[in-house]
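S.K.: Sharing a structure, written as structure tokens. Questions coming.
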Amino acid sequence: MDSFRIQGGRRLAGRIQIEGSKNATLPLMAAALCTDGELVLRNVPCLVDISNMARLLRELGVQVDGECGTVKMRVMDQNKVHAHYDIVKTMRASICVLGPLLARRRRAVIAMPGGCAFGSRPIDLHLRGMQALGAKVELDGGDIIVTAPDGLKGTTVFLGGPFGSTVLGTANVMCAAALAKGRTVIECAACEPEVVDLADLLNKMGAKIQGAGGPRLVIDGVEQLGKADHTIIPDRIVAGTYAVAAAVTNGDVILEEFPYDGMLAVIDRFNEIGVHVELVEGADNPMHATVRVTSERMLRPTHITTQPHPGFPTDLQAQFMTLLCLAGGNSIITEKIYPERFMHVAELSRMGAQIYRQGPTCVVAGGAPLKGAPVMASDLRASASLVLAGLAAEGETNVSRIYHLDRGYTRMEEQLNILGARIERVRDEVASKSAAESPAESNTGTAVTA
Ligand code: EPU
């Protein structure tokens with residue numbers, strides 16, 4: 001398995017551009033199943049998860065040209081409805097073909113996703129949405145079989161669960177309702193920018209969706225959807241990760257295509273900590289801004305609670321934990337989306353971090369110097385936090401199993417090296433072949449997460 005060898009303590013400076021959003025691209029690719037017309041997506045990031053989604057769509061009868069940059073998709077065969085376990089286990093986001101398949105083909109067979117590195121990840125809300133639209137749900141041999149032989153009917157459905165709204169659940173119900181008969185109202189819809197991007201795409205295809213970005217979506221079903229050409233929004237989690245990279249090295253970095261408007265809770269925490277995210281360009285187009293990131297010499301401790309958007313995103317919790325290791329005093333981080341998402345804590349401790357965990361809350365006693373060490377990546381965002389710690393640490397850090405990073409960051413080492421980091425990708429050809437073939441052993445530290 002490839003690893004990163006990082007020489008720490010180098011101040012980052014320079015300019016890079018934020019790539020397209022992985023979590024927007026995946027459901028938008030699945031929306032190709034909703035139409036016979038051609039779907040063209042631009043600004044698609046070059047990631048393993050995108051290749052996995054392309055593979056899944058091909059298995060479902062979609063011709064997919066390209067896997068990054070510009071991707072063109074068109075349905076060629078309407079008869080395939082089965083998302084097999086071998087692909088679902090590599091990528092939980094496979095579940096987002098459920099709504100599109102049901103809407104167009106009236107039947108979807110999806111392998112039930114298992115647990116992941118940060119706990120159980122149920123899909124009950126997705127299924128509740130489909131049932132509310134009139135579908136029947138059964139479980140057989142580990143597959144969920146969802147059928148609606150007479151088509152779907154609009155309804156009112158509440159999509160909140162114990163941890164708030166569901167992002168991919170909202171995407172699924174939105175796609176299904178776009179082609180259902182009559183009006184659907186989704187209450188407690190996810191408000192994430194990725195959901196807004198999907199609604200924008202579906203509306204370009206001819207759907208009638210109002211309210212995206214807020215908790216109530218009103219969807220008037222249409223007979224069919226057509227072709228569209230759409231550019232994916234920039235990735236707010238990648239943007240936040242590179243902003244933390246600037247801050248942990250006391251750097252001075254310009255980030256282009258920074259989705260400022262989707263990151264207000266993150267910018268608020270940066271301000272509290274003493275990291276300045278200054279708008280250089282894009283006040284009139286705040287999802288595509290250019291910002292300059294600098295930080296004060298002494299970072300301040302703070303408290304962070306992860307929440308559904310517009311709250312602080314769980315996908316930046318691990319990276320901010322690294323940042324707060326450098327602040328002068330005690331910070332408190334509470335994880336309210338995935339209470340078990342703390343795989344990075346033990347690895348950061350190997351580098352000298354002082355972190356005390358009680359259930360979903362961690363106290364980060366900042367100020368102890370981080371020291372380079374061999375550490376192991378366990379999921380996508382935990383891996384990012386370890387790379388950030390390696391940038392800030394004295395000496396050399398080896399982060400193993402960085403295939404997790406390749407699922408969510410396009411060549412992270414190259415981006416950071418442009419800014420003056422010294423990160424070398426150490427290849428292990430034999431092991432990376434076997435990891436690519438079987439990357440998803442649940443709850444073992446190689447688990448799939450996104
Ligand atoms: N939940 C339920 N029932 C459901 C669905 C979700 O109880 O049917 C719970 C989850 O267990 C969790 C909360 O609701 O506690 C939110 O989960 P959500 O459904 O919103 O997560 P998701 O849609 O499966 C997406 C991202 C994740 C990100 C979460 C939360 C994609 C491909 N994945 O997952 O991204 O953490 O939203 O914002 O969009 C990542 O990129 O590293 C990643 C894990």
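Scheme for the structure tokens: letters A, B, ... for chains in order shown; per-chain residue numbers from 1; ligand numbers from 1 in order shown.
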Would you list the residues that come within 7 Å of ligand 1? Count only C-alpha atoms and all ligand atoms and give the answer as a PDB file with N, CA, C and O atoms, in the first residue's frame.

M.R.:
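See part_17.pdb below for the written result:
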```
ATOM      1  N   ASN A  23     -18.459  14.739  -3.178  1.00  0.00           N
ATOM      2  CA  ASN A  23     -19.780  14.381  -2.661  1.00  0.00           C
ATOM      3  C   ASN A  23     -20.917  15.008  -3.455  1.00  0.00           C
ATOM      4  O   ASN A  23     -22.061  14.574  -3.350  1.00  0.00           O
ATOM      5  N   ALA A  24     -20.605  16.030  -4.261  1.00  0.00           N
ATOM      6  CA  ALA A  24     -21.612  16.513  -5.219  1.00  0.00           C
ATOM      7  C   ALA A  24     -21.611  15.606  -6.443  1.00  0.00           C
ATOM      8  O   ALA A  24     -22.672  15.210  -6.946  1.00  0.00           O
ATOM      9  N   LEU A  26     -20.910  12.423  -6.980  1.00  0.00           N
ATOM     10  CA  LEU A  26     -21.428  11.044  -6.938  1.00  0.00           C
ATOM     11  C   LEU A  26     -22.947  10.985  -7.194  1.00  0.00           C
ATOM     12  O   LEU A  26     -23.380  10.284  -8.113  1.00  0.00           O
ATOM     13  N   ALA A  93     -21.522   5.310  -1.090  1.00  0.00           N
ATOM     14  CA  ALA A  93     -22.324   6.244  -1.891  1.00  0.00           C
ATOM     15  C   ALA A  93     -23.025   5.542  -3.048  1.00  0.00           C
ATOM     16  O   ALA A  93     -23.871   6.149  -3.711  1.00  0.00           O
ATOM     17  N   SER A 120     -22.034   2.438  12.678  1.00  0.00           N
ATOM     18  CA  SER A 120     -23.074   1.921  11.796  1.00  0.00           C
ATOM     19  C   SER A 120     -23.599   3.082  10.956  1.00  0.00           C
ATOM     20  O   SER A 120     -23.691   4.202  11.432  1.00  0.00           O
ATOM     21  N   ARG A 121     -23.895   2.826   9.716  1.00  0.00           N
ATOM     22  CA  ARG A 121     -24.401   3.896   8.844  1.00  0.00           C
ATOM     23  C   ARG A 121     -25.720   3.403   8.238  1.00  0.00           C
ATOM     24  O   ARG A 121     -25.745   2.871   7.131  1.00  0.00           O
ATOM     25  N   PRO A 122     -26.839   3.541   8.980  1.00  0.00           N
ATOM     26  CA  PRO A 122     -28.099   2.968   8.500  1.00  0.00           C
ATOM     27  C   PRO A 122     -28.621   3.684   7.248  1.00  0.00           C
ATOM     28  O   PRO A 122     -28.187   4.789   6.927  1.00  0.00           O
ATOM     29  N   ILE A 123     -29.549   3.016   6.550  1.00  0.00           N
ATOM     30  CA  ILE A 123     -30.185   3.655   5.385  1.00  0.00           C
ATOM     31  C   ILE A 123     -31.706   3.659   5.533  1.00  0.00           C
ATOM     32  O   ILE A 123     -32.448   3.732   4.572  1.00  0.00           O
ATOM     33  N   ASP A 124     -32.156   3.554   6.805  1.00  0.00           N
ATOM     34  CA  ASP A 124     -33.602   3.485   7.055  1.00  0.00           C
ATOM     35  C   ASP A 124     -34.354   4.693   6.494  1.00  0.00           C
ATOM     36  O   ASP A 124     -35.479   4.572   6.011  1.00  0.00           O
ATOM     37  N   LEU A 125     -33.718   5.868   6.534  1.00  0.00           N
ATOM     38  CA  LEU A 125     -34.422   7.073   6.075  1.00  0.00           C
ATOM     39  C   LEU A 125     -34.599   7.054   4.550  1.00  0.00           C
ATOM     40  O   LEU A 125     -35.625   7.496   4.030  1.00  0.00           O
ATOM     41  N   HIS A 126     -33.601   6.527   3.834  1.00  0.00           N
ATOM     42  CA  HIS A 126     -33.740   6.381   2.375  1.00  0.00           C
ATOM     43  C   HIS A 126     -34.976   5.514   2.084  1.00  0.00           C
ATOM     44  O   HIS A 126     -35.795   5.836   1.224  1.00  0.00           O
ATOM     45  N   GLY A 161     -33.743  12.121  11.174  1.00  0.00           N
ATOM     46  CA  GLY A 161     -33.443  10.950  12.003  1.00  0.00           C
ATOM     47  C   GLY A 161     -32.798  11.416  13.292  1.00  0.00           C
ATOM     48  O   GLY A 161     -32.737  12.625  13.569  1.00  0.00           O
ATOM     49  N   PRO A 162     -32.286  10.493  14.078  1.00  0.00           N
ATOM     50  CA  PRO A 162     -31.698  10.866  15.368  1.00  0.00           C
ATOM     51  C   PRO A 162     -30.513  11.830  15.245  1.00  0.00           C
ATOM     52  O   PRO A 162     -30.182  12.533  16.192  1.00  0.00           O
ATOM     53  N   PHE A 163     -29.869  11.853  14.069  1.00  0.00           N
ATOM     54  CA  PHE A 163     -28.708  12.734  13.888  1.00  0.00           C
ATOM     55  C   PHE A 163     -29.011  13.867  12.921  1.00  0.00           C
ATOM     56  O   PHE A 163     -28.108  14.486  12.357  1.00  0.00           O
ATOM     57  N   GLY A 164     -30.289  14.123  12.708  1.00  0.00           N
ATOM     58  CA  GLY A 164     -30.672  15.219  11.815  1.00  0.00           C
ATOM     59  C   GLY A 164     -31.031  14.704  10.440  1.00  0.00           C
ATOM     60  O   GLY A 164     -31.504  13.574  10.287  1.00  0.00           O
ATOM     61  N   SER A 165     -30.774  15.528   9.431  1.00  0.00           N
ATOM     62  CA  SER A 165     -31.184  15.181   8.074  1.00  0.00           C
ATOM     63  C   SER A 165     -30.180  14.201   7.462  1.00  0.00           C
ATOM     64  O   SER A 165     -29.127  13.939   8.041  1.00  0.00           O
ATOM     65  N   THR A 166     -30.522  13.671   6.295  1.00  0.00           N
ATOM     66  CA  THR A 166     -29.611  12.758   5.597  1.00  0.00           C
ATOM     67  C   THR A 166     -29.315  13.296   4.198  1.00  0.00           C
ATOM     68  O   THR A 166     -30.243  13.596   3.433  1.00  0.00           O
ATOM     69  N   VAL A 167     -28.026  13.380   3.871  1.00  0.00           N
ATOM     70  CA  VAL A 167     -27.623  13.998   2.612  1.00  0.00           C
ATOM     71  C   VAL A 167     -28.005  13.105   1.428  1.00  0.00           C
ATOM     72  O   VAL A 167     -28.775  13.502   0.540  1.00  0.00           O
ATOM     73  N   LEU A 168     -27.482  11.874   1.416  1.00  0.00           N
ATOM     74  CA  LEU A 168     -27.776  10.999   0.271  1.00  0.00           C
ATOM     75  C   LEU A 168     -29.231  10.523   0.292  1.00  0.00           C
ATOM     76  O   LEU A 168     -29.803  10.236  -0.758  1.00  0.00           O
ATOM     77  N   GLY A 169     -29.835  10.444   1.493  1.00  0.00           N
ATOM     78  CA  GLY A 169     -31.259  10.102   1.570  1.00  0.00           C
ATOM     79  C   GLY A 169     -32.089  11.184   0.882  1.00  0.00           C
ATOM     80  O   GLY A 169     -33.022  10.897   0.118  1.00  0.00           O
ATOM     81  N   PRO A 308     -25.442  19.007  10.976  1.00  0.00           N
ATOM     82  CA  PRO A 308     -25.776  19.091   9.548  1.00  0.00           C
ATOM     83  C   PRO A 308     -25.588  20.531   9.069  1.00  0.00           C
ATOM     84  O   PRO A 308     -25.646  21.472   9.874  1.00  0.00           O
ATOM     85  N   PRO A 313     -19.150  21.019   9.532  1.00  0.00           N
ATOM     86  CA  PRO A 313     -19.248  19.685   8.919  1.00  0.00           C
ATOM     87  C   PRO A 313     -18.409  18.619   9.627  1.00  0.00           C
ATOM     88  O   PRO A 313     -17.243  18.859   9.956  1.00  0.00           O
ATOM     89  N   THR A 314     -19.010  17.452   9.791  1.00  0.00           N
ATOM     90  CA  THR A 314     -18.268  16.320  10.360  1.00  0.00           C
ATOM     91  C   THR A 314     -17.032  15.983   9.523  1.00  0.00           C
ATOM     92  O   THR A 314     -16.030  15.519  10.061  1.00  0.00           O
ATOM     93  N   ASP A 315     -17.098  16.252   8.221  1.00  0.00           N
ATOM     94  CA  ASP A 315     -15.978  15.873   7.348  1.00  0.00           C
ATOM     95  C   ASP A 315     -14.753  16.768   7.546  1.00  0.00           C
ATOM     96  O   ASP A 315     -13.707  16.523   6.932  1.00  0.00           O
ATOM     97  N   ILE A 337     -22.684  13.953  14.450  1.00  0.00           N
ATOM     98  CA  ILE A 337     -23.199  13.227  13.282  1.00  0.00           C
ATOM     99  C   ILE A 337     -22.781  11.760  13.367  1.00  0.00           C
ATOM    100  O   ILE A 337     -23.602  10.861  13.199  1.00  0.00           O
ATOM    101  N   TYR A 338     -21.498  11.517  13.627  1.00  0.00           N
ATOM    102  CA  TYR A 338     -20.981  10.157  13.767  1.00  0.00           C
ATOM    103  C   TYR A 338     -20.231  10.081  15.096  1.00  0.00           C
ATOM    104  O   TYR A 338     -19.019  10.348  15.140  1.00  0.00           O
ATOM    105  N   LEU A 380     -10.927   8.291   5.198  1.00  0.00           N
ATOM    106  CA  LEU A 380     -10.531   9.431   4.363  1.00  0.00           C
ATOM    107  C   LEU A 380     -10.137  10.682   5.157  1.00  0.00           C
ATOM    108  O   LEU A 380      -9.037  11.217   5.008  1.00  0.00           O
ATOM    109  N   ARG A 381     -11.024  11.146   6.018  1.00  0.00           N
ATOM    110  CA  ARG A 381     -10.743  12.432   6.687  1.00  0.00           C
ATOM    111  C   ARG A 381      -9.733  12.251   7.837  1.00  0.00           C
ATOM    112  O   ARG A 381      -8.961  13.167   8.128  1.00  0.00           O
ATOM    113  N   GLY A 408     -10.646  10.819  -1.886  1.00  0.00           N
ATOM    114  CA  GLY A 408     -11.298  12.114  -1.688  1.00  0.00           C
ATOM    115  C   GLY A 408     -10.466  13.337  -2.020  1.00  0.00           C
ATOM    116  O   GLY A 408     -10.991  14.455  -1.982  1.00  0.00           O
ATOM    117  N   THR A 449     -15.489   4.612   3.836  1.00  0.00           N
ATOM    118  CA  THR A 449     -16.194   5.575   4.665  1.00  0.00           C
ATOM    119  C   THR A 449     -17.118   6.534   3.957  1.00  0.00           C
ATOM    120  O   THR A 449     -18.062   6.991   4.534  1.00  0.00           O
ATOM    121  N   ALA A 450     -16.835   6.929   2.737  1.00  0.00           N
ATOM    122  CA  ALA A 450     -17.559   8.083   2.203  1.00  0.00           C
ATOM    123  C   ALA A 450     -18.987   7.734   1.794  1.00  0.00           C
ATOM    124  O   ALA A 450     -19.281   6.589   1.588  1.00  0.00           O
TER     125      ALA A 450
END
```

S.K.: Quick one: everything within 7 Å of stretch 65-76 of chain A, counting only C-alpha atoms, minus sequence neighbours fewer than 4 positions away in the same chain. Send it as a ChimeraX atom specification.

M.R.: /A:32-33,36-46,50-51,54,61

S.K.: Rounded to one decimal, what separation in Å do you get between atom CA of A:Gly311 and atom CA of A:Thr170?

M.R.: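 Going from atom CA of A:Gly311 over to atom CA of A:Thr170 covers 17.3 Å.
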
S.K.: I need the residues of stretch 187-272 of chain A that end up classed as strand (DSSP E) by DSSP on the backbone, written out as a PyMOL selection string.

M.R.: chain A and resi 187+208-210+216-220+228-231+252-258

S.K.: Give me the residues near stretch 365-373 of chain A as a PyMOL selection string, where near means some atom within 6 Å (using only C-alpha atoms) and where sequence neighbours in that chain fewer than 2 positions away do not count.

M.R.: chain A and resi 324-330+351-352+354+393-397
